[in-house]
$ cat target_38.cif   # mmCIF, C-alpha atoms
data_work
loop_
_atom_site.label_atom_id
_atom_site.label_comp_id
_atom_site.auth_asym_id
_atom_site.auth_seq_id
_atom_site.Cartn_x
_atom_site.Cartn_y
_atom_site.Cartn_z
CA MET A 1 -34.77 -36.23 2.00
CA PRO A 2 -31.87 -34.49 0.19
CA SER A 3 -32.55 -31.06 -1.21
CA ASN A 4 -31.24 -29.52 -4.41
CA HIS A 5 -31.36 -25.98 -2.99
CA PRO A 6 -28.14 -24.22 -4.09
CA PHE A 7 -27.54 -22.81 -0.58
CA ASP A 8 -27.33 -26.25 1.03
CA GLU A 9 -23.63 -26.65 0.20
CA PRO A 10 -21.96 -23.24 0.50
CA ASP A 11 -18.74 -22.70 -1.36
CA GLU A 12 -16.30 -21.48 1.28
CA GLN A 13 -13.62 -20.79 -1.31
CA GLY A 14 -15.78 -18.70 -3.63
CA PHE A 15 -17.15 -16.15 -1.18
CA ARG A 16 -15.00 -13.42 -2.72
CA ASP A 17 -17.19 -13.59 -5.82
CA PHE A 18 -19.79 -11.72 -3.77
CA GLN A 19 -17.49 -8.92 -2.67
CA HIS A 20 -17.98 -5.45 -4.07
CA PRO A 21 -15.39 -4.83 -6.80
CA GLY A 22 -14.57 -1.34 -5.55
CA LEU A 23 -12.82 0.02 -2.47
CA SER A 24 -14.30 1.22 0.80
CA GLU A 25 -12.65 3.15 3.59
CA PRO A 26 -10.36 0.72 5.45
CA ARG A 27 -11.29 -0.08 9.05
CA THR A 28 -8.72 -2.81 9.75
CA LYS A 29 -5.10 -3.47 8.85
CA GLU A 30 -6.26 -6.23 6.50
CA GLN A 31 -8.50 -3.79 4.66
CA TRP A 32 -5.67 -1.26 4.56
CA ARG A 33 -3.47 -3.89 2.92
CA GLU A 34 -6.21 -4.56 0.39
CA TYR A 35 -6.16 -0.84 -0.38
CA LEU A 36 -2.37 -0.97 -0.85
CA ASP A 37 -2.62 -3.98 -3.16
CA TYR A 38 -5.66 -2.81 -5.12
CA GLU A 39 -5.15 -2.38 -8.84
CA LEU A 40 -7.29 0.19 -10.61
CA PRO A 41 -9.38 -1.06 -13.53
CA PRO A 42 -7.07 -0.90 -16.57
CA LYS A 43 -7.64 1.62 -19.32
CA PRO A 44 -9.20 -0.25 -22.26
CA ASP A 45 -7.80 0.29 -25.73
CA LEU A 46 -9.70 2.76 -27.88
CA LEU A 47 -10.50 0.61 -30.89
CA PRO A 48 -10.79 1.93 -34.43
CA ILE A 49 -14.36 3.19 -34.69
CA GLU A 50 -15.11 0.65 -37.42
CA ALA A 51 -13.92 -2.19 -35.18
CA TYR A 52 -16.01 -0.90 -32.27
CA GLN A 53 -19.12 -0.73 -34.45
CA GLN A 54 -18.56 -4.30 -35.61
CA LEU A 55 -18.45 -5.76 -32.10
CA ASN A 56 -21.27 -8.19 -31.44
CA PRO A 57 -23.67 -7.29 -28.58
CA LYS A 58 -21.84 -9.39 -25.97
CA GLU A 59 -18.43 -8.03 -26.96
CA ARG A 60 -19.71 -4.47 -26.93
CA THR A 61 -21.30 -4.95 -23.50
CA LEU A 62 -18.04 -6.27 -22.05
CA HIS A 63 -16.03 -3.48 -23.68
CA ASN A 64 -18.41 -0.81 -22.40
CA ARG A 65 -18.34 -2.28 -18.91
CA ALA A 66 -14.55 -2.13 -18.95
CA ARG A 67 -14.73 1.53 -20.03
CA ALA A 68 -17.30 2.29 -17.32
CA ALA A 69 -15.10 0.70 -14.65
CA HIS A 70 -12.11 2.73 -15.84
CA HIS A 71 -14.10 5.98 -15.92
CA SER A 72 -15.50 5.27 -12.46
CA ALA A 73 -12.00 5.10 -11.00
CA LEU A 74 -10.68 7.69 -13.47
CA VAL A 75 -7.28 8.92 -12.25
CA ILE A 76 -5.94 10.45 -9.05
CA VAL A 77 -4.07 13.56 -10.11
CA ARG A 78 -1.04 14.39 -7.98
CA THR A 79 -1.41 18.15 -7.84
CA GLY A 80 1.14 20.71 -6.77
CA GLN A 81 -0.77 21.16 -3.50
CA MET A 82 -0.61 17.41 -2.84
CA HIS A 83 3.16 17.35 -3.46
CA ALA A 84 3.69 20.34 -1.13
CA ILE A 85 1.66 18.84 1.74
CA HIS A 86 3.26 15.41 1.27
CA HIS A 87 6.66 17.10 1.57
CA GLN A 88 5.66 18.74 4.86
CA ILE A 89 4.31 15.48 6.27
CA ARG A 90 7.49 13.62 5.31
CA ARG A 91 9.61 16.35 6.91
CA ARG A 92 7.58 16.14 10.12
CA MET A 93 7.98 12.34 10.25
CA MET A 94 11.73 12.67 9.80
CA THR A 95 11.84 15.23 12.61
CA ASN A 96 9.78 13.03 14.93
CA ALA A 97 11.52 9.72 14.16
CA HIS A 98 14.22 9.62 16.86
CA GLN A 99 13.46 12.56 19.09
CA PRO A 100 13.52 12.00 22.88
CA ALA A 101 10.50 10.39 24.52
CA GLY A 102 7.51 12.67 24.75
CA ALA A 103 4.79 14.17 22.62
CA ARG A 104 5.61 14.29 18.92
CA ARG A 105 4.39 17.19 16.85
CA SER A 106 1.29 16.36 14.85
CA ILE A 107 -0.14 17.74 11.61
CA VAL A 108 -3.72 18.94 11.23
CA LEU A 109 -5.00 19.08 7.65
CA ASP A 110 -7.92 21.47 7.51
CA GLY A 111 -10.15 22.59 4.68
CA PRO A 112 -13.67 22.68 3.28
CA ALA A 113 -15.50 19.43 2.64
CA THR A 114 -14.89 17.37 -0.52
CA LEU A 115 -11.49 18.88 -1.32
CA GLY A 116 -9.77 15.50 -1.24
CA LYS A 117 -8.13 15.66 2.19
CA SER A 118 -8.72 11.96 2.89
CA THR A 119 -7.40 11.02 -0.54
CA LEU A 120 -4.31 13.17 -0.02
CA VAL A 121 -3.34 11.59 3.31
CA LYS A 122 -4.12 8.07 2.08
CA MET A 123 -1.89 8.67 -0.94
CA PHE A 124 0.92 9.76 1.38
CA ALA A 125 0.48 6.66 3.53
CA TYR A 126 0.27 4.52 0.37
CA ASP A 127 3.60 5.90 -0.86
CA PHE A 128 5.19 5.63 2.59
CA GLU A 129 4.28 1.97 3.15
CA HIS A 130 5.17 0.93 -0.41
CA GLU A 131 8.56 2.55 0.11
CA LEU A 132 9.01 0.48 3.28
CA ARG A 133 7.99 -2.65 1.37
CA ARG A 134 10.75 -2.01 -1.15
CA GLU A 135 13.38 -1.20 1.48
CA HIS A 136 12.47 -3.86 4.06
CA PRO A 137 10.55 -6.69 2.37
CA GLU A 138 11.56 -9.09 5.13
CA ARG A 139 9.54 -7.13 7.71
CA PHE A 140 6.31 -7.79 5.85
CA SER A 141 6.86 -11.54 5.61
CA LYS A 142 7.43 -12.22 9.32
CA ARG A 143 4.99 -12.83 12.14
CA TYR A 144 5.69 -13.39 15.83
CA ILE A 145 3.73 -14.75 18.76
CA VAL A 146 3.91 -12.38 21.74
CA ASP A 147 1.82 -13.08 24.87
CA GLY A 148 -0.27 -15.45 22.83
CA HIS A 149 -1.05 -12.89 20.12
CA ILE A 150 0.18 -12.68 16.53
CA ILE A 151 2.30 -9.57 15.93
CA ASP A 152 2.94 -8.44 12.36
CA TYR A 153 4.56 -5.32 10.99
CA THR A 154 1.97 -2.53 10.75
CA PRO A 155 3.65 0.82 10.02
CA VAL A 156 0.40 2.66 9.18
CA VAL A 157 -2.83 3.01 11.15
CA TYR A 158 -5.81 4.65 9.47
CA ILE A 159 -9.09 5.18 11.31
CA ASN A 160 -12.16 7.38 10.97
CA ILE A 161 -13.58 9.13 14.00
CA PRO A 162 -17.18 7.92 14.42
CA SER A 163 -19.84 10.48 15.22
CA GLN A 164 -20.35 11.07 18.96
CA ALA A 165 -17.40 8.82 19.77
CA THR A 166 -16.36 8.20 23.35
CA PRO A 167 -12.75 7.66 24.47
CA LYS A 168 -13.48 3.94 24.76
CA ASP A 169 -14.89 3.95 21.18
CA LEU A 170 -11.60 5.41 19.99
CA SER A 171 -9.52 2.77 21.76
CA ILE A 172 -11.79 0.03 20.42
CA ALA A 173 -11.42 1.40 16.87
CA LEU A 174 -7.63 1.24 17.22
CA ALA A 175 -7.78 -2.25 18.73
CA GLU A 176 -10.02 -3.54 15.94
CA TYR A 177 -7.78 -1.99 13.31
CA LEU A 178 -4.79 -3.80 14.80
CA ALA A 179 -6.78 -7.04 15.35
CA GLN A 180 -5.99 -6.69 19.05
CA PRO A 181 -8.26 -8.96 21.13
CA TYR A 182 -9.74 -7.47 24.28
CA ARG A 183 -11.99 -8.84 26.98
CA THR A 184 -15.68 -8.10 26.73
CA GLY A 185 -16.43 -5.49 29.34
CA ALA A 186 -12.82 -4.34 29.55
CA THR A 187 -12.32 -0.76 30.67
CA LYS A 188 -11.10 2.04 28.45
CA SER A 189 -7.77 2.05 30.29
CA ALA A 190 -7.27 -1.69 29.82
CA ILE A 191 -8.01 -1.56 26.08
CA THR A 192 -5.82 1.51 25.65
CA ARG A 193 -2.89 -0.19 27.41
CA LEU A 194 -3.17 -3.17 25.06
CA VAL A 195 -3.37 -0.86 22.04
CA LEU A 196 -0.29 1.13 23.04
CA ASP A 197 1.73 -2.06 23.63
CA ASN A 198 0.62 -3.44 20.27
CA MET A 199 1.41 -0.21 18.40
CA ARG A 200 4.96 -0.30 19.77
CA ARG A 201 5.46 -3.98 18.92
CA CYS A 202 3.99 -3.63 15.40
CA GLY A 203 6.26 -0.71 14.51
CA VAL A 204 3.51 1.86 13.94
CA GLU A 205 5.09 5.05 12.56
CA LEU A 206 2.10 6.90 11.13
CA VAL A 207 -1.41 7.28 12.58
CA ILE A 208 -4.09 8.98 10.46
CA ILE A 209 -7.22 10.15 12.28
CA ASP A 210 -9.71 11.04 9.56
CA ASP A 211 -12.91 13.07 10.01
CA ALA A 212 -11.66 14.56 13.27
CA HIS A 213 -14.41 17.20 13.02
CA PHE A 214 -16.83 14.56 14.32
CA MET A 215 -15.40 15.29 17.76
CA ASP A 216 -17.75 18.00 18.97
CA LEU A 217 -15.42 20.03 21.16
CA SER A 218 -18.30 22.22 22.29
CA LEU A 219 -19.49 19.24 24.33
CA LYS A 220 -17.82 17.69 27.34
CA GLU A 221 -17.67 14.31 25.59
CA GLY A 222 -15.75 15.78 22.66
CA LYS A 223 -13.18 17.37 24.93
CA VAL A 224 -12.69 14.09 26.74
CA VAL A 225 -12.10 12.30 23.42
CA ASN A 226 -9.59 14.97 22.44
CA ASP A 227 -7.75 14.50 25.74
CA HIS A 228 -7.74 10.75 25.15
CA LEU A 229 -6.28 11.22 21.67
CA LYS A 230 -3.51 13.37 23.14
CA TYR A 231 -2.82 10.70 25.77
CA ILE A 232 -2.42 8.06 23.06
CA ALA A 233 -0.21 10.37 20.97
CA ASN A 234 1.93 11.10 24.04
CA HIS A 235 2.64 7.42 24.59
CA THR A 236 3.56 6.33 21.09
CA ALA A 237 6.49 7.31 18.91
CA ALA A 238 4.26 7.59 15.83
CA THR A 239 3.45 10.78 13.96
CA PHE A 240 -0.25 11.68 14.02
CA ILE A 241 -2.13 13.35 11.18
CA TYR A 242 -5.64 14.68 11.71
CA THR A 243 -7.97 15.65 8.88
CA GLY A 244 -11.30 17.39 9.00
CA VAL A 245 -13.44 20.42 8.30
CA ASP A 246 -12.90 23.71 10.19
CA LEU A 247 -10.43 22.12 12.59
CA GLN A 248 -8.74 25.48 13.15
CA HIS A 249 -11.60 26.42 15.44
CA SER A 250 -11.93 23.01 17.07
CA GLY A 251 -10.42 21.82 20.33
CA LEU A 252 -7.39 20.51 18.49
CA PHE A 253 -6.20 24.11 18.75
CA LEU A 254 -8.46 25.96 21.16
CA GLU A 255 -9.74 24.56 24.44
CA GLY A 256 -11.85 27.24 26.02
CA THR A 257 -10.25 30.39 27.28
CA GLY A 258 -7.50 28.87 29.39
CA GLY A 259 -4.25 30.26 28.05
CA ALA A 260 -2.07 27.36 29.21
CA ARG A 261 -4.07 24.65 27.46
CA VAL A 262 -4.46 26.74 24.33
CA THR A 263 -0.70 27.17 24.17
CA GLN A 264 -0.07 23.47 24.87
CA THR A 265 -2.32 22.06 22.18
CA SER A 266 -1.59 24.65 19.51
CA GLY A 267 2.11 24.12 20.18
CA ARG A 268 1.74 20.42 19.42
CA ASN A 269 0.02 20.75 16.07
CA THR A 270 0.96 22.28 12.75
CA LEU A 271 -2.06 23.49 10.82
CA LEU A 272 -2.04 22.98 7.05
CA HIS A 273 -4.85 24.30 4.88
CA MET A 274 -6.20 22.70 1.73
CA LYS A 275 -7.79 25.17 -0.64
CA PRO A 276 -9.73 24.95 -3.90
CA PHE A 277 -7.82 25.76 -7.07
CA ALA A 278 -7.55 29.45 -7.83
CA ILE A 279 -7.10 30.88 -11.34
CA ARG A 280 -5.81 34.36 -10.58
CA THR A 281 -2.26 33.93 -11.82
CA LYS A 282 -0.72 32.31 -14.88
CA GLU A 283 0.75 29.56 -12.70
CA GLU A 284 -2.57 28.86 -10.97
CA LYS A 285 -4.38 28.64 -14.30
CA ALA A 286 -1.74 26.29 -15.69
CA ASP A 287 -2.04 24.05 -12.60
CA TRP A 288 -5.84 23.89 -12.96
CA ILE A 289 -5.61 23.14 -16.69
CA SER A 290 -3.06 20.37 -16.03
CA VAL A 291 -5.54 18.63 -13.72
CA ILE A 292 -8.29 18.86 -16.35
CA SER A 293 -5.90 17.54 -19.01
CA ALA A 294 -4.90 14.55 -16.88
CA MET A 295 -8.54 13.58 -16.40
CA GLU A 296 -9.40 14.20 -20.06
CA ASP A 297 -6.45 12.11 -21.23
CA ALA A 298 -7.83 9.19 -19.21
CA LEU A 299 -11.16 9.15 -21.10
CA VAL A 300 -11.95 6.28 -23.47
CA LEU A 301 -14.69 7.76 -25.67
CA TYR A 302 -15.11 7.25 -29.40
CA ARG A 303 -16.27 10.72 -30.48
CA HIS A 304 -14.64 12.90 -27.87
CA GLN A 305 -12.12 15.40 -29.21
CA LEU A 306 -9.17 15.75 -26.84
CA GLY A 307 -8.71 19.32 -25.72
CA THR A 308 -12.43 20.07 -25.45
CA LEU A 309 -12.42 20.05 -21.65
CA LYS A 310 -9.07 21.80 -21.44
CA ARG A 311 -10.42 24.68 -23.54
CA ASP A 312 -13.38 24.89 -21.15
CA TRP A 313 -11.10 25.40 -18.13
CA LYS A 314 -12.79 28.63 -17.04
CA TYR A 315 -16.28 27.15 -17.25
CA LEU A 316 -15.16 24.05 -15.33
CA HIS A 317 -13.67 26.22 -12.60
CA GLN A 318 -16.88 28.17 -12.25
CA ARG A 319 -18.92 24.96 -12.35
CA THR A 320 -16.90 23.28 -9.57
CA GLY A 321 -15.52 26.21 -7.61
CA GLY A 322 -12.03 24.88 -8.28
CA ASN A 323 -12.81 21.80 -6.20
CA ILE A 324 -10.94 18.79 -7.57
CA SER A 325 -13.41 16.30 -6.11
CA SER A 326 -16.32 18.11 -7.79
CA LEU A 327 -14.37 18.22 -11.05
CA ALA A 328 -13.73 14.47 -10.91
CA GLU A 329 -17.39 13.86 -10.06
CA LEU A 330 -18.57 15.95 -13.01
CA ILE A 331 -16.23 14.30 -15.52
CA ARG A 332 -16.97 10.77 -14.26
CA GLU A 333 -20.71 11.40 -14.51
CA ALA A 334 -20.33 12.86 -17.99
CA ALA A 335 -18.22 9.92 -19.15
CA ALA A 336 -20.78 7.46 -17.82
CA ASP A 337 -23.55 9.33 -19.65
CA ALA A 338 -21.54 9.43 -22.88
CA VAL A 339 -21.20 5.64 -22.82
CA LEU A 340 -24.78 4.95 -21.69
CA THR A 341 -26.39 7.13 -24.36
CA GLY A 342 -23.94 6.30 -27.13
CA GLY A 343 -23.03 9.98 -27.45
CA GLU A 344 -19.36 9.06 -26.89
CA ALA A 345 -18.29 12.66 -26.27
CA ILE A 346 -18.35 15.26 -23.50
CA ASP A 347 -19.32 18.82 -24.39
CA ARG A 348 -20.76 21.87 -22.65
CA LYS A 349 -24.35 20.78 -23.26
CA LEU A 350 -23.77 17.43 -21.57
CA LEU A 351 -21.89 18.98 -18.66
CA ASP A 352 -24.68 21.49 -18.08
CA SER A 353 -27.23 18.68 -17.91
CA ILE A 354 -25.46 16.93 -15.02
CA VAL A 355 -26.29 17.79 -11.43
CA ILE A 356 -23.39 17.19 -9.05
CA ASN A 357 -23.02 17.71 -5.30
CA GLU A 358 -25.28 20.36 -3.79
CA HIS A 359 -22.51 22.67 -2.61
CA ALA A 360 -20.90 22.97 -6.05
CA GLN A 361 -24.26 23.04 -7.80
CA SER A 362 -25.75 25.82 -5.67
CA SER A 363 -22.59 27.93 -5.97
CA TYR A 364 -22.67 27.54 -9.73
CA GLU A 365 -26.36 28.37 -10.00
CA ALA A 366 -25.79 31.56 -8.00
CA THR A 367 -23.23 32.79 -10.52
CA ARG A 368 -24.56 31.16 -13.67
CA GLN A 369 -25.52 34.46 -15.26
CA GLU A 370 -21.80 35.27 -15.33
CA ALA A 371 -20.85 31.99 -17.01
CA PRO A 372 -18.42 32.41 -19.91
CA GLU A 373 -19.67 31.95 -23.42
CA PRO A 374 -19.05 28.55 -24.99
CA PRO A 375 -15.78 28.52 -26.92
CA ALA A 376 -15.79 28.63 -30.67
CA ARG A 377 -15.59 25.33 -32.52
CA PRO A 378 -11.90 24.31 -32.47
CA THR A 379 -9.90 24.27 -35.67
CA ARG A 380 -6.79 22.31 -36.53
CA GLU A 381 -4.71 25.37 -35.73
CA SER A 382 -6.17 25.76 -32.25
CA GLY A 383 -4.56 22.76 -30.57
CA ALA A 384 -2.77 24.88 -27.98
CA GLU A 385 -5.70 27.18 -27.36
CA GLY A 386 -6.14 25.97 -23.79
CA GLU A 387 -2.57 26.81 -22.89
CA ALA A 388 -2.78 30.15 -24.67
CA ALA A 389 -5.93 31.04 -22.76
CA ALA A 390 -4.13 30.45 -19.49
CA SER A 391 -1.31 32.82 -20.32
#
$ encode --input "target_38.cif" --output "structure tokens"
Amino acid sequence: MPSNHPFDEPDEQGFRDFQHPGLSEPRTKEQWREYLDYELPPKPDLLPIEAYQQLNPKERTLHNRARAAHHSALVIVRTGQMHAIHHQIRRRMMTNAHQPAGARRSIVLDGPATLGKSTLVKMFAYDFEHELRREHPERFSKRYIVDGHIIDYTPVVYINIPSQATPKDLSIALAEYLAQPYRTGATKSAITRLVLDNMRRCGVELVIIDDAHFMDLSLKEGKVVNDHLKYIANHTAATFIYTGVDLQHSGLFLEGTGGARVTQTSGRNTLLHMKPFAIRTKEEKADWISVISAMEDALVLYRHQLGTLKRDWKYLHQRTGGNISSLAELIREAAADAVLTGGEAIDRKLLDSIVINEHAQSSYEATRQEAPEPPARPTRESGAEGEAAAS
């Protein structure tokens, strides 16, 4: 007897309707390409307040959802630190490009958690691959069959190190990223050989190994994974970038007390540090204020007075420890609250009511008694007060 159950005839074409509208960390080249092609939610127009108030309930709901989506993504601010590190990565890739066969020099990006290291390296890879798309569009439209497998141009590989990974796990992660088939039960060496052949054929130039701190170099397994990573790096012409927390003291630089191995590994890697924003000098203050201004300019709120957050630059630094990820989290949360409650503005009272990540929150609570006094109510003559305060 036929059934009218809606699941009886699945719609194979409409499955994307179920997909989450946001981005997740890419694990395959297809997901990386989705990241490259993803368009951020557009910034809705700020209507005249009278027009906003006259929207019917459905129109207002749709408008507020569009604002919420925009605030959720907010804006990625290209800071001076990001530009400086991108420049050093690009220089290293140029140096590595045509050097004789052998180990290329890698870059290790170290720093405290939640500083935006992953975002920084993904932005570099995003720029790098989009530049290649503009210069060589024909490469991205061709596919070849080699040994029964489809080969397509894949200049960037981006993988996360899983916790307690084994060398075989690492090779499998690379194979799955590249869509490289391998036989069930294949050995680590067999999978690695296939991966290295595929990386060469696909034109891989940049390999990003994120969360490298998950390799516990105090354990034998972690050291074996590190050795396996070096083997892979030795047999590909790509430039490797590693990111993580406290990598300076990991086996990427130090491998026990043996002087020869210490010299070998530290000689292969350039250590770059990401740091929170400081506000000691005029230039540092101006850089911090410019980040706040970029995020504030992206807000779509009906009662928010532009410049409010910029004038609170000192409070925001104390609240977040100069951490750009914590700043973005705080402003996104505040914007969501302003829309949800109908307050339509972000002020000190709202910011103080929001609890963000534990590290930033606990640091702020420890120094809260030293928090600066709220600024006086701005006047029409105080438009440049934020800049003046930074000088």
$ resolve_selection --input "target_38.cif" --expression "the PyMOL selection byres ((chain A and resi 238) around 7)" --output "ChimeraX atom specification"
/A:204-207,236-237,239-240
$ atom_distance --input "target_38.cif" --atom1 "CA of Ala125 in chain A" --atom2 "CA of Val146 in chain A"
26.6 Å
$ atom_distance --input "target_38.cif" --atom1 "CA of Arg67 in chain A" --atom2 "CA of Gln305 in chain A"
16.8 Å
$ atom_distance --input "target_38.cif" --atom1 "CA of Pro181 in chain A" --atom2 "CA of Glu30 in chain A"
15.0 Å
$ resolve_selection --input "target_38.cif" --expression "the PyMOL selection byres ((chain A and resi 162) around 10)" --output "ChimeraX atom specification"
/A:159-161,163-166,169-170,173,210-215
$ closest_residue --input "target_38.cif" --among "A:Asp312, A:Asp287, A:Asp152, A:Asp227" --to "Ile324 in chain A" --atoms "all atoms listed in the file"
A:Asp287
$ closest_residue --input "target_38.cif" --among "A:His63, A:Tyr153, A:Ile209, A:Pro276" --to "Met82 in chain A" --atoms "all atoms listed in the file"
A:Pro276
$ closest_atom_pairs --input "target_38.cif" --of "range 95-196 of chain A" --to "range 268-272 of chain A" --cutoff "10 Å" --atoms "all atoms listed in the file" --output "CSV"
residue,atom,partner,partner_atom,distance
A:Ala103,CA,A:Arg268,CA,7.7
A:Arg104,CA,A:Arg268,CA,7.3
A:Arg105,CA,A:Arg268,CA,4.9
A:Ser106,CA,A:Asn269,CA,4.7
A:Ile107,CA,A:Thr270,CA,4.8
A:Val108,CA,A:Leu271,CA,4.9
A:Leu109,CA,A:Leu272,CA,4.9
A:Asp110,CA,A:Leu272,CA,6.1
A:Gly111,CA,A:Leu272,CA,8.5
$ resolve_selection --input "target_38.cif" --expression "the PyMOL selection byres ((chain A and resi 345) around 6)" --output "PyMOL selection string"
chain A and resi 303-304+338+343-344+346
$ closest_residue --input "target_38.cif" --among "A:Leu174, A:His87, A:Asn357, A:Leu299" --to "Ile331 in chain A" --atoms "all atoms listed in the file"
A:Leu299
$ decode --input "target_38.cif" --residues "range 183-200 of chain A" --atoms "N, CA, C and O atoms" --output "PDB file, in the first residue's frame"
ATOM      1  N   ARG A 183      44.059   1.385  -0.187  1.00  0.00           N
ATOM      2  CA  ARG A 183      43.510   0.068   0.123  1.00  0.00           C
ATOM      3  C   ARG A 183      43.296  -0.074   1.626  1.00  0.00           C
ATOM      4  O   ARG A 183      44.144   0.319   2.429  1.00  0.00           O
ATOM      5  N   THR A 184      42.147  -0.621   1.988  1.00  0.00           N
ATOM      6  CA  THR A 184      41.888  -0.897   3.391  1.00  0.00           C
ATOM      7  C   THR A 184      42.975  -1.836   3.925  1.00  0.00           C
ATOM      8  O   THR A 184      43.286  -2.852   3.332  1.00  0.00           O
ATOM      9  N   GLY A 185      43.558  -1.447   5.025  1.00  0.00           N
ATOM     10  CA  GLY A 185      44.635  -2.248   5.587  1.00  0.00           C
ATOM     11  C   GLY A 185      46.001  -1.909   5.045  1.00  0.00           C
ATOM     12  O   GLY A 185      47.001  -2.555   5.400  1.00  0.00           O
ATOM     13  N   ALA A 186      46.076  -0.894   4.183  1.00  0.00           N
ATOM     14  CA  ALA A 186      47.372  -0.492   3.630  1.00  0.00           C
ATOM     15  C   ALA A 186      48.279   0.008   4.744  1.00  0.00           C
ATOM     16  O   ALA A 186      47.829   0.567   5.756  1.00  0.00           O
ATOM     17  N   THR A 187      49.558  -0.168   4.568  1.00  0.00           N
ATOM     18  CA  THR A 187      50.524   0.277   5.575  1.00  0.00           C
ATOM     19  C   THR A 187      50.723   1.785   5.498  1.00  0.00           C
ATOM     20  O   THR A 187      50.359   2.438   4.506  1.00  0.00           O
ATOM     21  N   LYS A 188      51.311   2.314   6.563  1.00  0.00           N
ATOM     22  CA  LYS A 188      51.640   3.742   6.583  1.00  0.00           C
ATOM     23  C   LYS A 188      52.532   4.097   5.400  1.00  0.00           C
ATOM     24  O   LYS A 188      52.316   5.113   4.723  1.00  0.00           O
ATOM     25  N   SER A 189      53.523   3.271   5.117  1.00  0.00           N
ATOM     26  CA  SER A 189      54.457   3.571   4.026  1.00  0.00           C
ATOM     27  C   SER A 189      53.747   3.591   2.678  1.00  0.00           C
ATOM     28  O   SER A 189      54.027   4.456   1.833  1.00  0.00           O
ATOM     29  N   ALA A 190      52.810   2.661   2.474  1.00  0.00           N
ATOM     30  CA  ALA A 190      52.100   2.605   1.199  1.00  0.00           C
ATOM     31  C   ALA A 190      51.220   3.837   1.013  1.00  0.00           C
ATOM     32  O   ALA A 190      51.184   4.433  -0.072  1.00  0.00           O
ATOM     33  N   ILE A 191      50.504   4.233   2.057  1.00  0.00           N
ATOM     34  CA  ILE A 191      49.645   5.414   1.961  1.00  0.00           C
ATOM     35  C   ILE A 191      50.493   6.661   1.753  1.00  0.00           C
ATOM     36  O   ILE A 191      50.154   7.529   0.938  1.00  0.00           O
ATOM     37  N   THR A 192      51.608   6.748   2.467  1.00  0.00           N
ATOM     38  CA  THR A 192      52.473   7.919   2.353  1.00  0.00           C
ATOM     39  C   THR A 192      53.040   8.046   0.952  1.00  0.00           C
ATOM     40  O   THR A 192      53.119   9.148   0.388  1.00  0.00           O
ATOM     41  N   ARG A 193      53.422   6.918   0.352  1.00  0.00           N
ATOM     42  CA  ARG A 193      53.955   6.948  -1.019  1.00  0.00           C
ATOM     43  C   ARG A 193      52.906   7.484  -1.991  1.00  0.00           C
ATOM     44  O   ARG A 193      53.207   8.317  -2.855  1.00  0.00           O
ATOM     45  N   LEU A 194      51.664   7.023  -1.848  1.00  0.00           N
ATOM     46  CA  LEU A 194      50.585   7.511  -2.702  1.00  0.00           C
ATOM     47  C   LEU A 194      50.371   9.014  -2.500  1.00  0.00           C
ATOM     48  O   LEU A 194      50.166   9.760  -3.462  1.00  0.00           O
ATOM     49  N   VAL A 195      50.400   9.450  -1.238  1.00  0.00           N
ATOM     50  CA  VAL A 195      50.193  10.866  -0.934  1.00  0.00           C
ATOM     51  C   VAL A 195      51.275  11.726  -1.560  1.00  0.00           C
ATOM     52  O   VAL A 195      50.995  12.762  -2.181  1.00  0.00           O
ATOM     53  N   LEU A 196      52.534  11.313  -1.423  1.00  0.00           N
ATOM     54  CA  LEU A 196      53.632  12.107  -1.970  1.00  0.00           C
ATOM     55  C   LEU A 196      53.548  12.186  -3.498  1.00  0.00           C
ATOM     56  O   LEU A 196      53.789  13.245  -4.086  1.00  0.00           O
ATOM     57  N   ASP A 197      53.202  11.080  -4.139  1.00  0.00           N
ATOM     58  CA  ASP A 197      53.034  11.104  -5.599  1.00  0.00           C
ATOM     59  C   ASP A 197      51.910  12.059  -5.989  1.00  0.00           C
ATOM     60  O   ASP A 197      52.034  12.827  -6.956  1.00  0.00           O
ATOM     61  N   ASN A 198      50.812  11.999  -5.250  1.00  0.00           N
ATOM     62  CA  ASN A 198      49.654  12.840  -5.572  1.00  0.00           C
ATOM     63  C   ASN A 198      49.952  14.312  -5.329  1.00  0.00           C
ATOM     64  O   ASN A 198      49.544  15.177  -6.111  1.00  0.00           O
ATOM     65  N   MET A 199      50.671  14.633  -4.251  1.00  0.00           N
ATOM     66  CA  MET A 199      51.018  16.025  -3.975  1.00  0.00           C
ATOM     67  C   MET A 199      51.865  16.609  -5.107  1.00  0.00           C
ATOM     68  O   MET A 199      51.683  17.762  -5.499  1.00  0.00           O
ATOM     69  N   ARG A 200      52.783  15.800  -5.632  1.00  0.00           N
ATOM     70  CA  ARG A 200      53.614  16.279  -6.744  1.00  0.00           C
ATOM     71  C   ARG A 200      52.769  16.508  -7.987  1.00  0.00           C
ATOM     72  O   ARG A 200      52.878  17.532  -8.665  1.00  0.00           O
TER      73      ARG A 200
END
